[in-house]
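Coordinates as given in input-v6.csv (CSV, C-alpha atoms):
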```
chain,number,residue,atom,x,y,z
A,286,MET,CA,172.5,52.7,129.3
A,287,THR,CA,175.7,52.3,127.3
A,288,ARG,CA,178.1,55.1,126.5
A,289,GLN,CA,177.0,55.2,122.9
A,290,GLU,CA,173.3,55.3,123.8
A,291,GLU,CA,174.0,58.1,126.3
A,292,HIS,CA,175.8,60.1,123.7
A,293,GLY,CA,172.9,59.6,121.2
A,294,SER,CA,170.4,60.9,123.7
A,295,LYS,CA,172.5,64.0,124.3
A,296,VAL,CA,172.5,64.7,120.6
A,297,TRP,CA,168.7,64.6,120.6
A,298,TYR,CA,168.7,67.2,123.4
A,299,TRP,CA,171.2,69.4,121.6
A,300,VAL,CA,169.0,69.4,118.4
A,301,LEU,CA,165.9,70.2,120.4
A,302,ALA,CA,167.7,73.0,122.3
A,303,THR,CA,169.0,74.4,119.0
A,304,ALA,CA,165.5,74.4,117.5
A,305,ILE,CA,164.2,76.3,120.5
A,306,LEU,CA,167.1,78.7,120.4
A,307,ILE,CA,166.5,79.5,116.8
A,308,LEU,CA,162.8,80.1,117.6
A,309,VAL,CA,163.7,82.5,120.5
A,310,LEU,CA,166.2,84.4,118.3
A,311,TYR,CA,163.5,84.9,115.6
A,312,MET,CA,161.0,86.0,118.2
A,313,TYR,CA,163.5,88.6,119.5
A,314,GLY,CA,164.3,89.6,115.9
A,315,GLN,CA,160.7,90.6,115.2
A,316,MET,CA,161.4,93.5,117.6
A,317,ASN,CA,164.9,94.3,116.3
A,318,THR,CA,165.0,94.8,112.5
A,319,ALA,CA,168.8,95.0,112.2
A,320,PHE,CA,169.3,91.9,114.2
A,321,LEU,CA,166.6,90.0,112.3
A,322,TYR,CA,168.1,91.0,108.9
A,323,MET,CA,171.5,89.7,110.0
A,324,LEU,CA,170.0,86.5,111.5
A,325,SER,CA,167.9,85.7,108.4
A,326,ASN,CA,171.0,86.0,106.1
A,327,ALA,CA,173.7,84.5,108.3
A,328,LEU,CA,171.9,81.5,109.8
A,329,PRO,CA,170.8,79.5,106.8
A,330,PRO,CA,174.4,78.6,105.7
A,331,LEU,CA,175.1,77.4,109.2
A,332,THR,CA,172.1,75.1,109.5
A,333,GLY,CA,172.7,74.0,105.9
A,334,LEU,CA,176.4,73.2,106.7
A,335,LEU,CA,175.3,71.2,109.7
A,336,ALA,CA,173.0,69.0,107.6
A,337,PHE,CA,175.6,68.6,104.8
A,338,SER,CA,178.4,67.7,107.4
A,339,MET,CA,176.3,65.0,108.9
A,340,ALA,CA,175.3,63.7,105.5
A,341,GLY,CA,178.9,63.7,104.4
A,342,LEU,CA,180.1,61.8,107.4
A,343,ALA,CA,177.2,59.3,107.1
A,344,SER,CA,178.1,58.7,103.5
A,345,ARG,CA,181.8,58.3,104.3
A,346,ARG,CA,181.1,55.8,107.1
A,347,SER,CA,178.5,53.9,105.0
A,348,TRP,CA,180.7,53.7,101.9
A,349,ILE,CA,181.5,50.2,100.7
A,350,GLY,CA,181.9,50.8,96.9
A,351,TRP,CA,180.1,51.9,93.7
A,352,ALA,CA,178.6,48.4,93.4
A,353,ASP,CA,176.9,48.8,96.7
A,354,VAL,CA,173.4,50.4,96.5
A,355,SER,CA,173.4,51.7,100.1
A,356,SER,CA,176.7,53.5,99.4
A,357,LYS,CA,175.2,55.3,96.4
A,358,VAL,CA,172.1,56.1,98.5
A,359,TRP,CA,173.9,58.0,101.2
A,360,LEU,CA,176.2,59.6,98.6
A,361,GLY,CA,173.1,61.0,96.9
A,362,TYR,CA,171.8,62.4,100.2
A,363,ALA,CA,175.2,64.0,100.8
A,364,SER,CA,175.3,65.5,97.3
A,365,GLY,CA,171.8,66.9,97.7
A,366,MET,CA,172.7,68.5,101.0
A,367,PHE,CA,175.9,69.9,99.5
A,368,LEU,CA,174.0,71.6,96.6
A,369,TRP,CA,171.5,73.1,99.1
A,370,PHE,CA,174.3,74.3,101.3
A,371,LEU,CA,175.9,76.0,98.2
A,372,GLY,CA,172.5,77.6,97.4
A,373,GLU,CA,172.3,79.0,101.0
A,374,THR,CA,175.9,80.3,100.8
A,375,ILE,CA,175.5,82.0,97.4
A,376,SER,CA,172.3,83.6,98.5
A,377,VAL,CA,174.0,85.0,101.6
A,378,ALA,CA,176.7,86.6,99.4
A,379,TYR,CA,174.3,89.1,98.0
A,380,PRO,CA,173.3,90.9,101.3
A,381,LEU,CA,176.5,90.2,103.4
A,382,LEU,CA,179.2,90.7,100.7
A,383,LEU,CA,177.6,92.7,97.9
A,384,HIS,CA,175.3,94.6,100.3
A,385,ILE,CA,172.3,94.2,98.0
A,386,PRO,CA,169.0,92.3,98.6
A,387,THR,CA,169.0,88.8,97.4
A,388,PRO,CA,167.2,88.7,94.0
A,389,PHE,CA,164.5,86.2,93.2
A,390,PRO,CA,165.4,84.1,91.4
A,391,SER,CA,169.1,84.1,92.0
A,392,VAL,CA,172.1,81.9,91.2
A,393,GLY,CA,171.4,80.1,94.5
A,394,ASP,CA,168.2,78.8,93.1
A,395,VAL,CA,170.1,76.9,90.5
A,396,PHE,CA,171.9,74.9,93.2
A,397,TRP,CA,168.7,74.5,95.3
A,398,LEU,CA,166.8,73.1,92.4
A,399,ALA,CA,169.7,70.9,91.3
A,400,GLY,CA,169.8,69.4,94.8
A,401,TYR,CA,166.5,67.7,94.2
A,402,ILE,CA,168.1,65.4,91.6
A,403,PRO,CA,170.5,63.5,93.9
A,404,LEU,CA,168.0,63.5,96.7
A,405,LEU,CA,165.2,62.0,94.6
A,406,SER,CA,167.7,59.6,93.1
A,407,ALA,CA,168.8,58.5,96.6
A,408,ILE,CA,165.3,57.8,97.7
A,409,LEU,CA,164.4,55.9,94.5
A,410,LEU,CA,167.5,53.8,94.9
A,411,GLN,CA,166.3,52.9,98.4
A,412,VAL,CA,162.9,51.8,97.2
A,413,TRP,CA,164.1,50.1,94.0
A,414,PRO,CA,165.1,46.8,95.6
A,415,PHE,CA,161.6,46.4,96.9
A,416,ARG,CA,159.9,47.1,93.6
A,417,GLU,CA,158.4,43.6,93.5
A,418,ALA,CA,156.4,44.3,96.6
A,419,PHE,CA,155.2,47.5,95.0
A,420,SER,CA,151.8,46.5,93.6
A,421,ARG,CA,149.9,48.4,90.9
A,422,GLY,CA,147.5,49.5,93.6
A,423,LYS,CA,150.3,51.1,95.7
A,424,PHE,CA,151.8,52.7,92.6
A,425,ALA,CA,148.4,54.1,91.7
A,426,ALA,CA,147.9,55.4,95.2
A,427,VAL,CA,151.3,57.2,95.1
A,428,LEU,CA,150.6,58.6,91.7
A,429,VAL,CA,147.2,60.0,92.9
A,430,PHE,CA,148.9,61.5,95.9
A,431,VAL,CA,151.5,63.2,93.8
A,432,ILE,CA,148.8,64.6,91.4
A,433,PHE,CA,146.7,65.8,94.4
A,434,LEU,CA,149.7,67.6,95.9
A,435,MET,CA,150.5,69.2,92.6
A,436,ILE,CA,146.9,70.4,92.1
A,437,LEU,CA,146.9,71.7,95.6
A,438,VAL,CA,150.2,73.6,95.1
A,439,LEU,CA,148.9,75.1,91.8
A,440,ALA,CA,145.6,76.1,93.4
A,441,VAL,CA,147.5,77.9,96.2
A,442,LEU,CA,150.2,79.6,94.1
A,443,VAL,CA,148.7,80.3,90.7
A,444,PRO,CA,146.1,82.8,91.8
A,445,PRO,CA,148.6,85.2,93.5
A,446,SER,CA,151.0,84.8,90.5
A,447,ILE,CA,148.2,85.9,88.2
A,448,ALA,CA,146.9,88.7,90.5
A,449,GLU,CA,150.3,90.2,91.0
A,450,GLU,CA,152.7,91.3,88.3
A,451,HIS,CA,155.7,89.1,88.3
A,452,GLU,CA,158.5,88.2,85.9
A,453,THR,CA,158.0,84.8,84.2
A,454,ALA,CA,161.3,83.5,85.8
A,455,ALA,CA,160.1,84.3,89.3
A,456,VAL,CA,156.7,82.6,88.8
A,457,LEU,CA,158.4,79.5,87.3
A,458,VAL,CA,160.9,79.2,90.2
A,459,SER,CA,158.2,79.8,92.7
A,460,LEU,CA,156.2,76.9,91.3
A,461,ALA,CA,159.2,74.6,90.7
A,462,TYR,CA,160.1,74.2,94.4
A,463,PRO,CA,156.8,73.0,95.7
A,464,LEU,CA,156.1,70.9,92.6
A,465,LEU,CA,159.4,69.1,93.0
A,466,ASP,CA,158.6,68.7,96.7
A,467,ALA,CA,155.3,67.1,95.6
A,468,VAL,CA,157.2,64.4,93.8
A,469,LEU,CA,159.9,64.0,96.5
A,470,LEU,CA,157.6,63.8,99.5
A,471,PRO,CA,155.4,60.7,98.5
A,472,VAL,CA,158.5,58.7,97.5
A,473,ALA,CA,160.2,59.6,100.7
A,474,ILE,CA,157.2,58.5,102.8
A,475,LEU,CA,157.0,55.3,100.8
A,476,SER,CA,160.7,54.6,101.5
A,477,PHE,CA,160.1,55.2,105.2
A,478,VAL,CA,157.2,52.7,105.2
A,479,PHE,CA,159.4,50.0,103.6
A,480,PHE,CA,162.0,50.5,106.4
A,481,MET,CA,159.7,50.8,109.4
A,482,LYS,CA,160.7,47.4,110.6
A,483,GLY,CA,164.3,47.6,109.7
A,484,SER,CA,167.4,49.4,111.1
A,485,LEU,CA,166.9,52.4,108.8
A,486,TRP,CA,163.5,53.5,110.3
A,487,ARG,CA,164.9,56.1,112.7
A,488,PRO,CA,167.2,57.8,110.2
A,489,MET,CA,164.5,57.8,107.5
A,490,LEU,CA,161.9,59.1,110.0
A,491,PHE,CA,163.9,62.3,110.4
A,492,VAL,CA,164.8,62.5,106.7
A,493,VAL,CA,161.1,62.3,105.9
A,494,ALA,CA,160.4,64.9,108.7
A,495,GLY,CA,163.0,67.2,107.1
A,496,ILE,CA,161.3,66.8,103.7
A,497,ILE,CA,157.9,67.5,105.1
A,498,LEU,CA,159.2,70.7,106.9
A,499,ASN,CA,161.0,71.8,103.7
A,500,THR,CA,157.9,71.2,101.6
A,501,SER,CA,155.8,73.3,103.9
A,502,ALA,CA,158.4,76.0,103.9
A,503,ASP,CA,158.7,76.0,100.1
A,504,VAL,CA,154.9,76.4,99.7
A,505,LEU,CA,154.7,79.2,102.2
A,506,TYR,CA,157.8,81.0,100.9
A,507,SER,CA,156.5,80.9,97.3
A,508,TRP,CA,153.1,82.0,98.4
A,509,THR,CA,154.4,85.0,100.4
A,510,VAL,CA,156.8,86.0,97.7
A,511,LEU,CA,154.1,86.0,95.0
A,512,LEU,CA,151.8,88.0,97.4
A,513,GLY,CA,154.7,90.4,98.1
A,514,ILE,CA,154.5,90.0,101.9
A,515,TYR,CA,157.7,88.0,102.4
A,516,TYR,CA,160.6,89.8,104.2
A,517,ASP,CA,164.0,88.7,105.5
A,518,GLY,CA,163.3,87.1,108.9
A,519,HIS,CA,159.8,86.0,108.2
A,520,PRO,CA,158.7,83.4,110.7
A,521,LEU,CA,158.3,80.8,108.0
A,522,GLU,CA,162.1,80.6,107.7
A,523,LEU,CA,162.0,78.6,111.0
A,524,LEU,CA,160.6,75.7,108.9
A,525,PHE,CA,163.7,75.8,106.7
A,526,HIS,CA,166.1,75.8,109.7
A,527,TRP,CA,164.1,73.0,111.5
A,528,SER,CA,164.2,71.0,108.2
A,529,TYR,CA,168.0,71.1,108.2
A,530,LEU,CA,168.1,70.1,111.9
A,531,ALA,CA,165.8,67.1,111.1
A,532,PHE,CA,168.0,66.1,108.2
A,533,ALA,CA,171.1,66.5,110.4
A,534,LEU,CA,169.7,64.3,113.1
A,535,GLY,CA,168.6,61.6,110.5
A,536,PHE,CA,172.1,61.6,109.0
A,537,TYR,CA,173.7,61.4,112.4
A,538,LEU,CA,171.6,58.4,113.3
A,539,GLN,CA,172.7,56.7,110.1
A,540,LEU,CA,176.3,57.6,111.0
A,541,LYS,CA,176.0,56.0,114.4
A,542,GLN,CA,174.5,52.9,112.8
A,543,ALA,CA,177.3,52.7,110.3
A,544,ARG,CA,179.9,53.0,113.1
A,545,SER,CA,178.1,50.2,115.0
A,546,MET,CA,178.3,47.9,111.9
A,547,ILE,CA,182.0,48.6,111.5
A,548,ASP,CA,182.7,47.8,115.2
A,549,LEU,CA,180.7,44.6,114.9
A,550,ARG,CA,182.6,43.5,111.8
A,551,SER,CA,185.9,44.3,113.4
A,552,ARG,CA,185.1,42.2,116.4
A,553,SER,CA,183.9,39.3,114.4
A,554,ALA,CA,186.9,39.4,112.1
```
Rewrite the structure of this file - the entire thing - as structure tokens.
Amino acid sequence: MTRQEEHGSKVWYWVLATAILILVLYMYGQMNTAFLYMLSNALPPLTGLLAFSMAGLASRRSWIGWADVSSKVWLGYASGMFLWFLGETISVAYPLLLHIPTPFPSVGDVFWLAGYIPLLSAILLQVWPFREAFSRGKFAAVLVFVIFLMILVLAVLVPPSIAEEHETAAVLVSLAYPLLDAVLLPVAILSFVFFMKGSLWRPMLFVVAGIILNTSADVLYSWTVLLGIYYDGHPLELLFHWSYLAFALGFYLQLKQARSMIDLRSRSA
């Protein structure tokens, strides 16, 4: 095993260990309300910062120029992670700095929702060069999958939003997250399928895993908020943290591949 491969395997172990540590902390927090409240509000910006840092480094290493599609793809991922990190940070300011519960919706939701734009753009840019291989049948299948996910989301979330009394803004934001996920997820899976036999399959595997975890978390979060059973430190928050860890690992793998390409070019020059 080379030094680079050995370093890469250690990163996998560190990510797994971090995921397990977060799980243990949340389990302990269920028996310690004060600790759980602090953990729930302080941890999201840290995991979000980790994902954004890896995305930023991957974008920087992969950058060739504005004319290069791959450069714009990884810049899009970095931009999306940055907006989500801002959303996490702003939401933390309410309980930790202003000492009030985070409202729903809040200013942080503006940045979270805005983050979907560069993320979806990045994935579409990845798929676009392969559009000729995208038959009408495949397009129809993806469209049906998107519609199915949207109907499923609405079936889960609309009944509690009707049964409980909520402000219109809260209902719309609760529906917006999973509906945007319903668009993002199929496109991400399609992108992964295109790159299964290429060098991008490992980074995309964990990017897609992050999107799947985030989609599940968004649906559960919106559902529990509409039912009025969500609380700071709810176990569903684990999915958000694990999503950021999956994103971070995917972006790290892209960073490592970009470094390998740079080393290869420098040797051949």
Is there a way to get, as an mmCIF file with C-alpha atoms, keeping the file's coordinate frame, all residues within 12 Å of the point (156.8, 86.0, 106.4) in file coordinates, counting only C-alpha atoms?
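selection38.cif written:
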```cif
data_model
loop_
_atom_site.group_PDB
_atom_site.id
_atom_site.type_symbol
_atom_site.label_atom_id
_atom_site.label_comp_id
_atom_site.auth_asym_id
_atom_site.auth_seq_id
_atom_site.Cartn_x
_atom_site.Cartn_y
_atom_site.Cartn_z
ATOM 1 C CA TYR A 311 163.500 84.900 115.600
ATOM 2 C CA GLN A 315 160.700 90.600 115.200
ATOM 3 C CA SER A 325 167.900 85.700 108.400
ATOM 4 C CA ALA A 502 158.400 76.000 103.900
ATOM 5 C CA ASP A 503 158.700 76.000 100.100
ATOM 6 C CA VAL A 504 154.900 76.400 99.700
ATOM 7 C CA LEU A 505 154.700 79.200 102.200
ATOM 8 C CA TYR A 506 157.800 81.000 100.900
ATOM 9 C CA SER A 507 156.500 80.900 97.300
ATOM 10 C CA TRP A 508 153.100 82.000 98.400
ATOM 11 C CA THR A 509 154.400 85.000 100.400
ATOM 12 C CA VAL A 510 156.800 86.000 97.700
ATOM 13 C CA LEU A 511 154.100 86.000 95.000
ATOM 14 C CA LEU A 512 151.800 88.000 97.400
ATOM 15 C CA GLY A 513 154.700 90.400 98.100
ATOM 16 C CA ILE A 514 154.500 90.000 101.900
ATOM 17 C CA TYR A 515 157.700 88.000 102.400
ATOM 18 C CA TYR A 516 160.600 89.800 104.200
ATOM 19 C CA ASP A 517 164.000 88.700 105.500
ATOM 20 C CA GLY A 518 163.300 87.100 108.900
ATOM 21 C CA HIS A 519 159.800 86.000 108.200
ATOM 22 C CA PRO A 520 158.700 83.400 110.700
ATOM 23 C CA LEU A 521 158.300 80.800 108.000
ATOM 24 C CA GLU A 522 162.100 80.600 107.700
ATOM 25 C CA LEU A 523 162.000 78.600 111.000
ATOM 26 C CA LEU A 524 160.600 75.700 108.900
#
```
Val309 of chain A surroundings by all atoms listed in the file, 12 Å radius, close-in-sequence under 5 positions cut, as a PDB file with C-alpha atoms, keeping the file's coordinate frame:
```
ATOM      1  CA  ALA A 302     167.700  73.000 122.300  1.00  0.00           C
ATOM      2  CA  THR A 303     169.000  74.400 119.000  1.00  0.00           C
ATOM      3  CA  ALA A 304     165.500  74.400 117.500  1.00  0.00           C
ATOM      4  CA  GLY A 314     164.300  89.600 115.900  1.00  0.00           C
ATOM      5  CA  GLN A 315     160.700  90.600 115.200  1.00  0.00           C
ATOM      6  CA  MET A 316     161.400  93.500 117.600  1.00  0.00           C
ATOM      7  CA  LEU A 321     166.600  90.000 112.300  1.00  0.00           C
ATOM      8  CA  LEU A 324     170.000  86.500 111.500  1.00  0.00           C
ATOM      9  CA  PRO A 520     158.700  83.400 110.700  1.00  0.00           C
ATOM     10  CA  LEU A 523     162.000  78.600 111.000  1.00  0.00           C
TER      11      LEU A 523
END
```
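Nearest residue to Gly495 of chain A among A:Val429, A:Met366, A:Leu328, A:Leu540 is A:Met366, counting only C-alpha atoms.
The coordinates place atom CA of Leu382 of chain A at 12.1 Å from atom CA of Met323 of chain A.
From atom CA of Gly341 of chain A back to atom CA of Leu381 of chain A, the distance works out to 26.6 Å.
Contact shell of Gly400 of chain A at 8 Å (only C-alpha atoms; same-chain neighbours under 5 positions omitted): Ser364, Gly365, Met366, Phe367, Leu368 and Trp369 of chain A.
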* **For Pro390 of chain A: contacts at 10 Å, all atoms listed in the file, fewer than 4 positions along chain excluded, given as a PyMOL selection string** => chain A and resi 376+394-395+452+454-459
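Atom CA of Gln539 of chain A lies 21.0 Å from atom CA of Ile402 of chain A.
Taking all atoms listed in the file, the non-local environment of Thr332 of chain A within 8 Å (same-chain residues fewer than 5 positions away omitted) comprises His526, Tyr529 and Leu530 of chain A.
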The selected residues should be written to file as an mmCIF file, keeping the file's coordinate frame (atoms: C-alpha atoms).
```cif
data_model
loop_
_atom_site.group_PDB
_atom_site.id
_atom_site.type_symbol
_atom_site.label_atom_id
_atom_site.label_comp_id
_atom_site.auth_asym_id
_atom_site.auth_seq_id
_atom_site.Cartn_x
_atom_site.Cartn_y
_atom_site.Cartn_z
ATOM 1 C CA HIS A 526 166.100 75.800 109.700
ATOM 2 C CA TYR A 529 168.000 71.100 108.200
ATOM 3 C CA LEU A 530 168.100 70.100 111.900
#
```
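Ranking A:Leu410, A:Leu334, A:Ile305, A:Ala461 by their shortest atom-to-atom distance to Ala533 of chain A, with only C-alpha atoms included, puts A:Leu334 first.
The environment of segment 355-362 of chain A within 7 Å, counting all atoms listed in the file and disregarding residues fewer than 6 places along the same chain, consists of Ala340, Ala343, Ser344, Ser347, Trp348, Ile349, Pro403, Leu404, Ser406, Ala407, Leu410 and Gln411 of chain A.
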Please define a box with edges along x, y and z of the file around all atoms of segment 504-514 of chain A given in the file, extend it by 8 Å on each side, and return its centre and edge lengths in Å to one decimal, as lines of an AutoDock Vina configuration file.
```
center_x = 154.8
center_y = 83.4
center_z = 98.6
size_x = 22.0
size_y = 30.0
size_z = 23.2
```
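With distances taken over all atoms listed in the file, A:Phe430 is the one residue among A:Phe430, A:Phe532, A:Trp297, A:Phe491 lying closest to Leu469 of chain A.
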